[in-house]
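Enquirer: File input10.txt below, compact mmCIF, C-alpha atoms:
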```txt
# COMPACT_ATOMS: atom_id res chain seq x y z
CA MET A 6 -11.44 16.34 7.55
CA GLN A 7 -11.18 17.03 11.27
CA ALA A 8 -9.13 14.48 13.15
CA HIS A 9 -10.52 13.13 16.39
CA GLY A 10 -9.10 15.22 19.19
CA GLY A 11 -7.03 17.63 17.10
CA SER A 12 -6.89 19.94 14.15
CA ALA A 13 -6.05 18.18 10.92
CA HIS A 14 -7.08 17.94 7.35
CA CYS A 15 -7.26 15.17 4.80
CA LEU A 16 -7.54 15.47 1.05
CA ARG A 17 -10.71 13.74 -0.12
CA CYS A 18 -10.56 10.81 -2.45
CA THR A 19 -10.27 11.89 -6.06
CA VAL A 20 -12.22 9.78 -8.53
CA ARG A 21 -11.59 11.07 -12.01
CA GLY A 22 -12.72 9.73 -15.36
CA CYS A 23 -11.18 9.87 -18.78
CA ARG A 24 -10.43 13.19 -20.39
CA PRO A 25 -13.52 14.45 -22.25
CA GLY A 26 -13.36 13.28 -25.82
CA ALA A 27 -10.27 11.13 -25.23
CA ARG A 28 -9.82 8.39 -27.83
CA HIS A 29 -7.86 5.40 -26.55
CA PRO A 30 -5.75 3.32 -28.94
CA GLN A 31 -7.76 0.19 -28.10
CA SER A 32 -10.92 1.84 -29.44
CA LEU A 33 -9.13 2.22 -32.77
CA GLY A 34 -8.01 -1.42 -32.82
CA LEU A 35 -4.37 -0.46 -32.22
CA THR A 36 -1.80 -1.50 -29.61
CA PRO A 37 -1.17 1.62 -27.54
CA THR A 38 2.18 3.34 -27.27
CA CYS A 39 2.35 4.64 -23.71
CA GLU A 40 3.22 8.31 -23.63
CA ALA A 41 4.54 10.06 -20.55
CA ALA A 42 1.94 11.67 -18.30
CA PRO A 43 2.57 13.63 -15.09
CA SER A 44 1.91 10.53 -12.95
CA MET A 45 4.44 8.55 -15.01
CA GLU A 46 7.34 10.90 -14.36
CA PRO A 47 10.04 9.92 -11.82
CA GLY A 48 9.88 11.45 -8.38
CA SER A 49 11.90 14.51 -7.37
CA VAL A 50 12.83 16.09 -4.07
CA GLU A 51 10.19 18.79 -4.56
CA ASN A 52 7.12 16.73 -5.50
CA LEU A 53 6.12 15.45 -2.08
CA SER A 54 2.34 15.08 -1.76
CA ILE A 55 0.75 15.41 1.70
CA VAL A 56 -2.74 13.94 2.13
CA TYR A 57 -3.12 14.33 5.92
CA ARG A 58 -1.46 16.58 8.49
CA SER A 59 -1.92 17.22 12.20
CA SER A 60 0.39 18.22 15.03
CA ASP A 61 1.31 14.55 15.57
CA PHE A 62 1.15 12.88 12.15
CA LEU A 63 1.74 13.30 8.44
CA VAL A 64 0.43 10.96 5.76
CA VAL A 65 2.26 11.29 2.48
CA ASN A 66 1.36 9.93 -0.95
CA LYS A 67 4.64 8.14 -1.64
CA HIS A 68 5.88 8.11 -5.22
CA TRP A 69 6.47 4.81 -6.99
CA ASP A 70 10.07 3.54 -7.23
CA LEU A 71 11.13 5.50 -4.15
CA ARG A 72 12.92 4.19 -1.08
CA ILE A 73 11.58 5.32 2.27
CA ASP A 74 14.98 5.83 3.83
CA SER A 75 18.62 4.96 3.43
CA LYS A 76 21.67 5.11 5.67
CA THR A 77 23.90 5.76 2.66
CA TRP A 78 24.18 9.20 1.11
CA ARG A 79 24.70 7.56 -2.28
CA GLU A 80 20.93 7.06 -2.55
CA THR A 81 19.91 9.81 -4.97
CA LEU A 82 16.37 10.25 -3.66
CA THR A 83 14.42 8.91 -0.69
CA LEU A 84 11.20 9.87 1.07
CA GLN A 85 13.42 10.81 4.01
CA LYS A 86 15.18 13.41 1.84
CA GLN A 87 11.89 14.72 0.47
CA LEU A 88 10.63 15.24 4.03
CA ARG A 89 13.84 16.97 5.12
CA HIS A 90 13.58 19.28 2.11
CA ARG A 91 9.91 20.13 2.72
CA PHE A 92 9.86 20.11 6.53
CA PRO A 93 13.41 20.71 7.84
CA GLU A 94 11.98 21.95 11.14
CA LEU A 95 10.24 18.60 11.76
CA ALA A 96 13.35 16.40 11.41
CA ASP A 97 14.38 14.84 14.72
CA PRO A 98 18.17 14.57 15.16
CA ASP A 99 17.66 11.85 17.79
CA THR A 100 16.47 9.39 15.14
CA CYS A 101 18.55 7.60 12.55
CA TYR A 102 16.50 8.84 9.60
CA GLY A 103 15.13 12.10 10.98
CA PHE A 104 11.52 10.91 10.75
CA ARG A 105 9.53 8.16 12.44
CA PHE A 106 7.93 6.02 9.73
CA CYS A 107 5.01 4.11 11.25
CA HIS A 108 5.04 1.31 8.66
CA GLN A 109 6.66 0.29 5.38
CA LEU A 110 5.89 0.34 1.67
CA ASP A 111 7.94 -1.51 -0.94
CA PHE A 112 10.25 0.53 -3.16
CA SER A 113 7.95 -0.06 -6.15
CA THR A 114 4.66 0.62 -4.32
CA SER A 115 3.13 4.09 -4.21
CA GLY A 116 0.56 5.54 -1.86
CA ALA A 117 -0.34 6.37 1.73
CA LEU A 118 2.48 6.21 4.28
CA CYS A 119 2.14 7.54 7.83
CA VAL A 120 4.89 9.51 9.58
CA ALA A 121 4.74 10.17 13.34
CA LEU A 122 6.08 13.59 14.35
CA ASN A 123 7.02 12.73 17.92
CA LYS A 124 7.82 9.74 20.10
CA ALA A 125 4.45 9.59 21.84
CA ALA A 126 2.57 9.63 18.53
CA ALA A 127 4.82 6.86 17.20
CA GLY A 128 4.05 4.77 20.27
CA SER A 129 0.30 5.22 19.86
CA ALA A 130 0.50 4.23 16.19
CA TYR A 131 2.57 1.18 17.10
CA ARG A 132 -0.11 0.01 19.52
CA CYS A 133 -2.75 0.28 16.76
CA PHE A 134 -0.64 -1.91 14.48
CA LYS A 135 0.06 -4.38 17.30
CA GLU A 136 -3.64 -4.64 18.16
CA ARG A 137 -4.57 -5.03 14.47
CA ARG A 138 -6.77 -1.95 14.49
CA VAL A 139 -5.25 -0.42 11.37
CA THR A 140 -7.21 -0.54 8.10
CA LYS A 141 -5.30 -0.55 4.81
CA ALA A 142 -6.61 -0.92 1.29
CA TYR A 143 -4.64 -1.02 -1.95
CA LEU A 144 -5.48 -0.59 -5.62
CA ALA A 145 -3.81 -2.76 -8.23
CA LEU A 146 -3.94 -3.64 -11.89
CA VAL A 147 -3.50 -7.39 -12.33
CA ARG A 148 -3.08 -9.44 -15.47
CA GLY A 149 -6.09 -11.29 -16.83
CA HIS A 150 -9.77 -10.95 -15.98
CA VAL A 151 -10.43 -12.11 -12.41
CA GLN A 152 -13.74 -13.99 -12.63
CA GLU A 153 -14.87 -14.03 -8.98
CA SER A 154 -16.16 -10.60 -8.01
CA GLN A 155 -14.75 -10.91 -4.50
CA MET A 156 -12.75 -13.46 -2.55
CA THR A 157 -10.47 -14.08 0.40
CA ILE A 158 -6.99 -15.36 -0.44
CA SER A 159 -5.56 -17.53 2.35
CA HIS A 160 -2.29 -19.00 1.04
CA ALA A 161 0.36 -19.20 3.77
CA ILE A 162 3.53 -17.32 2.81
CA GLY A 163 7.15 -18.16 3.59
CA LYS A 164 10.66 -17.31 2.46
CA ASN A 165 11.94 -18.87 -0.75
CA ASN A 166 15.25 -20.61 -0.10
CA THR A 167 15.70 -21.68 -3.74
CA GLU A 168 19.06 -20.63 -5.13
CA GLY A 169 18.73 -17.36 -6.99
CA ARG A 170 15.32 -16.63 -5.42
CA THR A 171 16.28 -16.06 -1.78
CA HIS A 172 15.16 -12.43 -1.97
CA THR A 173 11.59 -13.52 -2.73
CA MET A 174 8.64 -15.05 -0.89
CA CYS A 175 6.44 -17.98 -1.92
CA ILE A 176 3.27 -19.81 -0.90
CA GLU A 177 3.14 -22.98 1.15
CA GLY A 178 3.66 -26.08 -0.97
CA THR A 179 6.10 -24.38 -3.32
CA GLN A 180 9.48 -26.08 -3.55
CA GLY A 181 11.89 -24.26 -1.27
CA CYS A 182 9.21 -22.55 0.82
CA GLU A 183 10.61 -22.02 4.31
CA ASN A 184 8.54 -21.43 7.45
CA PRO A 185 5.23 -20.44 5.80
CA LYS A 186 2.92 -18.33 7.99
CA PRO A 187 -0.85 -17.83 7.76
CA SER A 188 -1.71 -14.94 5.45
CA LEU A 189 -5.04 -13.40 4.47
CA THR A 190 -5.97 -10.92 1.75
CA GLU A 191 -9.43 -9.75 0.71
CA LEU A 192 -9.92 -8.91 -2.97
CA VAL A 193 -12.75 -7.05 -4.75
CA VAL A 194 -12.79 -6.70 -8.54
CA LEU A 195 -13.53 -3.15 -9.67
CA GLU A 196 -13.10 -3.23 -13.44
CA HIS A 197 -12.15 -5.44 -16.36
CA GLY A 198 -10.26 -3.97 -19.27
CA LEU A 199 -7.05 -4.04 -21.27
CA TYR A 200 -3.55 -2.93 -20.37
CA ALA A 201 -1.38 -2.34 -23.45
CA GLY A 202 -3.86 -4.52 -25.35
CA SER A 203 -3.75 -7.47 -22.91
CA PRO A 204 -6.59 -8.45 -20.52
CA ALA A 205 -6.28 -6.88 -17.09
CA SER A 206 -8.40 -6.24 -13.99
CA LYS A 207 -8.46 -3.38 -11.52
CA VAL A 208 -8.86 -4.69 -7.97
CA LEU A 209 -9.08 -3.45 -4.39
CA LEU A 210 -6.91 -5.45 -1.98
CA LYS A 211 -7.17 -5.49 1.82
CA PRO A 212 -4.34 -7.28 3.64
CA LEU A 213 -5.48 -8.76 6.96
CA THR A 214 -1.95 -9.89 7.76
CA GLY A 215 1.34 -8.18 7.03
CA ARG A 216 3.69 -10.65 5.37
CA THR A 217 6.54 -9.49 3.16
CA HIS A 218 5.32 -9.00 -0.45
CA GLN A 219 1.95 -10.46 0.63
CA LEU A 220 -0.26 -8.78 -1.99
CA ARG A 221 2.20 -9.47 -4.79
CA VAL A 222 2.58 -13.14 -3.82
CA HIS A 223 -1.17 -13.68 -3.35
CA CYS A 224 -2.05 -12.12 -6.71
CA SER A 225 0.62 -14.21 -8.42
CA ALA A 226 -0.68 -17.36 -6.70
CA LEU A 227 -4.13 -16.66 -8.17
CA GLY A 228 -2.62 -16.61 -11.64
CA HIS A 229 -3.20 -12.84 -11.84
CA PRO A 230 0.16 -11.19 -11.08
CA ILE A 231 0.31 -7.44 -10.65
CA VAL A 232 1.05 -5.59 -13.88
CA GLY A 233 4.66 -4.44 -13.82
CA ASP A 234 5.75 -6.88 -11.09
CA LEU A 235 8.86 -8.35 -12.67
CA THR A 236 9.63 -10.45 -9.57
CA TYR A 237 6.39 -12.41 -9.27
CA GLY A 238 4.98 -12.04 -12.78
CA GLN A 239 7.17 -11.40 -15.81
CA ALA A 240 5.77 -9.29 -18.63
CA GLU A 241 4.87 -11.16 -21.79
CA GLY A 242 7.20 -9.10 -23.96
CA GLN A 243 9.66 -6.25 -23.76
CA GLU A 244 7.15 -3.79 -25.23
CA ASP A 245 4.59 -4.91 -22.65
CA GLN A 246 6.65 -3.80 -19.67
CA PRO A 247 4.95 -0.77 -18.04
CA PHE A 248 6.71 2.17 -16.47
CA ARG A 249 5.98 1.00 -12.88
CA MET A 250 4.51 -1.78 -10.79
CA MET A 251 0.76 -1.15 -10.59
CA LEU A 252 0.26 -1.39 -6.83
CA HIS A 253 -0.87 1.62 -4.80
CA ALA A 254 -1.66 2.08 -1.10
CA PHE A 255 -5.02 3.77 -1.52
CA TYR A 256 -6.59 4.05 1.94
CA LEU A 257 -5.19 4.13 5.48
CA ARG A 258 -6.83 4.49 8.88
CA ILE A 259 -4.94 4.41 12.19
CA PRO A 260 -7.38 5.00 15.09
CA THR A 261 -5.07 6.21 17.87
CA GLN A 262 -6.54 7.30 21.20
CA ALA A 263 -5.81 10.98 20.51
CA GLU A 264 -6.96 11.13 16.89
CA CYS A 265 -8.10 8.99 14.03
CA VAL A 266 -5.51 9.29 11.29
CA GLU A 267 -7.44 8.66 8.08
CA ALA A 268 -6.28 9.34 4.54
CA CYS A 269 -7.42 8.40 1.07
CA THR A 270 -5.09 9.04 -1.86
CA PRO A 271 -6.03 9.77 -5.49
CA ASP A 272 -6.53 6.75 -7.73
CA PRO A 273 -3.49 6.58 -10.06
CA PHE A 274 -4.90 3.88 -12.34
CA LEU A 275 -7.08 5.92 -14.68
CA PRO A 276 -7.08 6.15 -18.47
CA SER A 277 -6.53 9.89 -18.17
CA LEU A 278 -3.24 9.22 -16.38
CA ASP A 279 -2.08 6.13 -18.28
CA VAL A 280 -3.32 5.66 -21.84
CA CYS A 281 -2.27 1.98 -21.73
CA TRP A 282 -5.11 1.24 -19.28
CA SER A 283 -8.50 0.95 -20.98
CA PRO A 284 -11.33 -0.32 -18.73
CA HIS A 285 -14.43 -1.63 -20.49
CA THR A 286 -16.55 -3.30 -17.76
CA LEU A 287 -17.40 -1.78 -14.36
CA LEU A 288 -18.09 -4.42 -11.70
CA GLN A 289 -17.92 -2.43 -8.47
CA PRO A 290 -17.80 1.39 -8.10
CA LEU A 291 -14.77 2.44 -6.11
CA ASP A 292 -16.59 5.28 -4.36
CA GLN A 293 -19.02 2.79 -2.78
CA LEU A 294 -16.13 0.81 -1.31
CA VAL A 295 -14.58 4.01 0.01
CA GLN A 296 -17.84 4.85 1.77
CA ALA A 297 -17.88 1.36 3.30
CA LEU A 298 -14.28 1.76 4.49
CA ARG A 299 -15.02 5.13 6.06
CA ALA A 300 -18.27 4.02 7.70
CA ALA A 301 -16.97 0.77 9.21
CA CYS A 302 -16.28 0.68 12.93
CA ASP A 303 -12.81 0.02 14.26
CA PRO A 304 -12.05 -3.28 15.99
CA ASP A 305 -12.17 -3.46 19.77
CA PRO A 306 -8.56 -2.88 20.95
CA MET A 307 -8.89 -5.82 23.33
CA ASP A 308 -9.79 -8.24 20.54
CA SER A 309 -7.11 -10.36 18.88
CA GLY A 310 -8.86 -9.92 15.54
CA PRO A 311 -11.40 -7.69 13.82
CA GLY A 312 -14.66 -6.97 15.56
CA PRO A 313 -18.11 -7.65 14.10
CA CYS A 314 -18.39 -4.13 12.66
CA SER A 315 -14.76 -3.77 11.60
CA PRO A 316 -13.79 -3.00 7.99
CA SER A 317 -13.17 -6.67 7.34
CA THR A 318 -16.95 -7.12 7.07
CA LEU A 319 -16.64 -5.54 3.61
CA LEU A 320 -16.23 -9.12 2.39
CA PRO A 321 -17.92 -12.22 3.84
CA GLU A 322 -16.13 -14.62 6.17
CA PRO A 323 -12.51 -13.47 5.79
CA GLY A 324 -11.27 -16.16 8.15
CA GLN A 325 -9.40 -15.98 11.43
CA LEU A 326 -6.33 -13.83 11.91
CA PRO A 327 -3.33 -15.77 13.23
CA PRO A 328 -2.01 -14.69 16.65
CA GLU A 329 1.23 -12.73 16.87
CA THR A 330 4.20 -14.99 17.59
CA GLU A 331 6.98 -14.15 20.04
CA ALA A 332 9.45 -13.93 17.15
CA GLN A 333 7.20 -11.45 15.31
CA ARG A 334 6.78 -9.36 18.43
CA ALA A 335 10.54 -9.33 19.09
CA SER A 336 11.29 -8.34 15.51
CA CYS A 337 8.74 -5.53 15.60
CA LEU A 338 9.97 -4.24 18.96
CA GLN A 339 13.57 -4.19 17.71
CA TRP A 340 12.57 -2.18 14.64
CA LEU A 341 10.49 0.28 16.66
CA SER A 342 12.72 0.59 19.73
CA GLU A 343 14.62 3.59 18.39
CA TRP A 344 11.67 5.92 18.13
CA THR A 345 8.62 4.72 20.07
CA LEU A 346 7.62 4.83 23.67
CA GLU A 347 8.05 1.53 25.42
CA PRO A 348 4.90 -0.50 24.66
CA ASP A 349 2.80 -1.75 27.53
CA ASN A 350 3.64 -5.29 28.61
```
Represent the supplied structure as structure tokens.

Expert:
Amino acid sequence: MQAHGGSAHCLRCTVRGCRPGARHPQSLGLTPTCEAAPSMEPGSVENLSIVYRSSDFLVVNKHWDLRIDSKTWRETLTLQKQLRHRFPELADPDTCYGFRFCHQLDFSTSGALCVALNKAAAGSAYRCFKERRVTKAYLALVRGHVQESQMTISHAIGKNNTEGRTHTMCIEGTQGCENPKPSLTELVVLEHGLYAGSPASKVLLKPLTGRTHQLRVHCSALGHPIVGDLTYGQAEGQEDQPFRMMLHAFYLRIPTQAECVEACTPDPFLPSLDVCWSPHTLLQPLDQLVQALRAACDPDPMDSGPGPCSPSTLLPEPGQLPPETEAQRASCLQWLSEWTLEPDN
């Protein structure tokens, strides 16, 4: 793919089916024993996957159970170390971590993560996030069969101040929920099936706000926690615990003025990659949603929310985005101050 205003390439979305002739344990009436596949192996310093590259940006396909960065050398493996190993010439000694990460992904979450290669590029990406012009979509396997084909989840999310749970978030109305903030997530059901013999659904999630653990909390609040999320949805039994949390950052678009950074990562939740996942009912083809994401217009940068032709029109009436608070702006500026140009006031 050619980036707008520069030379770049993006790996196209990979939609793969089951291996020809594959026989899944569920089809034999058995509970599957999950065997290791390449996608199930832990990350290493060498296996860094790049899905987009230009002179100003990289988008990597982050491995699951991998920290983005760490100030301690005791951390055995981080994305920061993978980047230094692969691109030592791109590391910037003027930054704390050597690379300017434009946003965050949880330790357990895999998928698309954008890296700015210079200060000006980082500043342009920051403005896209600030103006809510960035489009993100995630894939997840959740427990149970979600009955509504699509919905908007609008539970406000706050910190959990309950003893022993202070590292977690919760929805408004939960005992111990502190300072809940408006939160919106769009959900489309792709498939129904079984994971390790238990009902599960494959869904596409689009966060319209950026609260901590938002997708995990919203799925749990629906009664359909993400498979492998031991914080917001415990597995039913020890044998039922999968090798990872099944949440993946699938699609990312950051429409900076110089170029449109757009990347779509391979779908990791396929029977050919994890024999425990056995879909049996297709509700919405993923490739159609990808086409809708790619074709949708970007929001007007002067708008406080998505425009009429923005990607949020993929689902009806997603609701109104809450305005950025002074505290949120201050927090974001503090985090970004090391490596971005000063944002316009």

Enquirer: Report as JSON lines the residues of stretch 112-168 of chain A within 9 Å of stretch 215-236 of chain A, each with its shortest atom pair and distance in Å (one decimal), using all atoms listed in the file, ordered by chain and increasing residue number.

Expert:
```
{"residue": "A:Ser113", "atom": "CA", "partner": "A:Asp234", "partner_atom": "CA", "distance": 8.7}
{"residue": "A:Tyr143", "atom": "CA", "partner": "A:Leu220", "partner_atom": "CA", "distance": 8.9}
{"residue": "A:Ala145", "atom": "CA", "partner": "A:Ile231", "partner_atom": "CA", "distance": 6.7}
{"residue": "A:Leu146", "atom": "CA", "partner": "A:Val232", "partner_atom": "CA", "distance": 5.7}
{"residue": "A:Val147", "atom": "CA", "partner": "A:Ile231", "partner_atom": "CA", "distance": 4.2}
{"residue": "A:Arg148", "atom": "CA", "partner": "A:His229", "partner_atom": "CA", "distance": 5.0}
{"residue": "A:Gly149", "atom": "CA", "partner": "A:His229", "partner_atom": "CA", "distance": 6.0}
{"residue": "A:His150", "atom": "CA", "partner": "A:His229", "partner_atom": "CA", "distance": 8.0}
{"residue": "A:Val151", "atom": "CA", "partner": "A:His229", "partner_atom": "CA", "distance": 7.3}
{"residue": "A:Ile158", "atom": "CA", "partner": "A:His223", "partner_atom": "CA", "distance": 6.7}
{"residue": "A:Ser159", "atom": "CA", "partner": "A:His223", "partner_atom": "CA", "distance": 8.2}
{"residue": "A:His160", "atom": "CA", "partner": "A:His223", "partner_atom": "CA", "distance": 7.0}
{"residue": "A:Ile162", "atom": "CA", "partner": "A:Arg216", "partner_atom": "CA", "distance": 7.1}
{"residue": "A:Gly163", "atom": "CA", "partner": "A:Arg216", "partner_atom": "CA", "distance": 8.5}
{"residue": "A:Lys164", "atom": "CA", "partner": "A:Thr217", "partner_atom": "CA", "distance": 8.9}
```

Enquirer: When distances are computed from all atoms listed in the file, which of A:His172, A:His285, A:His68, A:Arg105 shows the smallest separation from A:Arg249?

Expert: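 Using all atoms listed in the file, the shortest distance to A:Arg249 belongs to A:His68.
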
Enquirer: Using all atoms listed in the file, which protein or nucleic acid residues come within 12 Å of A:Leu195? Drop anything in the same chain fewer than 5 positions from it, and give the result as a PDB file with C-alpha atoms, keeping the file's coordinate frame.

Expert:
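File part.pdb, as written:
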```pdb
ATOM      1  CA  TYR A 143      -4.640  -1.020  -1.950  1.00  0.00           C
ATOM      2  CA  LEU A 144      -5.480  -0.590  -5.620  1.00  0.00           C
ATOM      3  CA  ALA A 145      -3.810  -2.760  -8.230  1.00  0.00           C
ATOM      4  CA  LEU A 146      -3.940  -3.640 -11.890  1.00  0.00           C
ATOM      5  CA  VAL A 147      -3.500  -7.390 -12.330  1.00  0.00           C
ATOM      6  CA  HIS A 150      -9.770 -10.950 -15.980  1.00  0.00           C
ATOM      7  CA  VAL A 151     -10.430 -12.110 -12.410  1.00  0.00           C
ATOM      8  CA  GLN A 152     -13.740 -13.990 -12.630  1.00  0.00           C
ATOM      9  CA  GLU A 153     -14.870 -14.030  -8.980  1.00  0.00           C
ATOM     10  CA  SER A 154     -16.160 -10.600  -8.010  1.00  0.00           C
ATOM     11  CA  GLN A 155     -14.750 -10.910  -4.500  1.00  0.00           C
ATOM     12  CA  ALA A 205      -6.280  -6.880 -17.090  1.00  0.00           C
ATOM     13  CA  SER A 206      -8.400  -6.240 -13.990  1.00  0.00           C
ATOM     14  CA  LYS A 207      -8.460  -3.380 -11.520  1.00  0.00           C
ATOM     15  CA  VAL A 208      -8.860  -4.690  -7.970  1.00  0.00           C
ATOM     16  CA  LEU A 209      -9.080  -3.450  -4.390  1.00  0.00           C
ATOM     17  CA  LEU A 210      -6.910  -5.450  -1.980  1.00  0.00           C
ATOM     18  CA  PHE A 274      -4.900   3.880 -12.340  1.00  0.00           C
ATOM     19  CA  PRO A 284     -11.330  -0.320 -18.730  1.00  0.00           C
ATOM     20  CA  HIS A 285     -14.430  -1.630 -20.490  1.00  0.00           C
ATOM     21  CA  THR A 286     -16.550  -3.300 -17.760  1.00  0.00           C
ATOM     22  CA  LEU A 287     -17.400  -1.780 -14.360  1.00  0.00           C
ATOM     23  CA  LEU A 288     -18.090  -4.420 -11.700  1.00  0.00           C
ATOM     24  CA  GLN A 289     -17.920  -2.430  -8.470  1.00  0.00           C
ATOM     25  CA  PRO A 290     -17.800   1.390  -8.100  1.00  0.00           C
ATOM     26  CA  LEU A 291     -14.770   2.440  -6.110  1.00  0.00           C
ATOM     27  CA  ASP A 292     -16.590   5.280  -4.360  1.00  0.00           C
ATOM     28  CA  GLN A 293     -19.020   2.790  -2.780  1.00  0.00           C
ATOM     29  CA  LEU A 294     -16.130   0.810  -1.310  1.00  0.00           C
TER      30      LEU A 294
END
```

Enquirer: So how far away is atom CA of A:Tyr57 from atom CA of A:Thr83, in Å?

Expert: 19.5 Å

Enquirer: At what distance in Å, to one decimal, does atom CA of A:Val194 lie from atom CA of A:Ala301?

Expert: 19.7 Å

Enquirer: Would you compute the distance between atom CA of A:Leu110 and atom CA of A:Leu257? Give it in Å to one decimal.

Expert: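 These two atoms are separated by 12.3 Å.
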
Enquirer: Could you check which of A:Val56, A:Ala126, A:Val50, A:Ala142 is closest to A:Lys86, using only C-alpha atoms?

Expert: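 Nearest to A:Lys86: A:Val50.
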
Enquirer: Give as a ChimeraX atom specification every residue, naming chains and numbers as the document does, that has an atom within 12 Å of (14.7, 10.9, 12.4), counting all atoms listed in the file.

Expert: /A:73-76,84-86,88-89,92-107,120-124,127,343-345

Enquirer: My list of candidates is A:Cys119, A:Leu278, A:Ala161, A:Leu252. Which is closest to A:Asp70 when distances are computed with only C-alpha atoms?

Expert: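 When distances to A:Asp70 are compared using only C-alpha atoms, the smallest one comes from A:Leu252.
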
Enquirer: Considering all atoms listed in the file, state which residue in the set A:Pro204, A:Thr179, A:Ala125, A:Gln246 is at the smallest distance from A:Ser60.

Expert: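 Residue with the minimum atom-to-atom distance to A:Ser60: A:Ala125.
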
Enquirer: For each of A:Leu192, A:Ala300, A:Val266, A:Ile259, take the minimum atom-to-atom distance to A:Tyr131, counting all atoms listed in the file, then give the residue where this is smallest.

Expert: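 Distance minimum relative to A:Tyr131 lands on A:Ile259.
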
Enquirer: At a cut-off of 9 Å around the point (15.9, -22.2, -0.7) (file coordinates), what residues fall inside when counting all atoms listed in the file? I'd like the answer as a list in words.

Expert: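 In the file's frame, the residues around the point are Lys164, Asn165, Asn166, Thr167, Glu168, Gly169, Arg170, Thr171, Gln180, Gly181, Cys182 and Glu183 of chain A.
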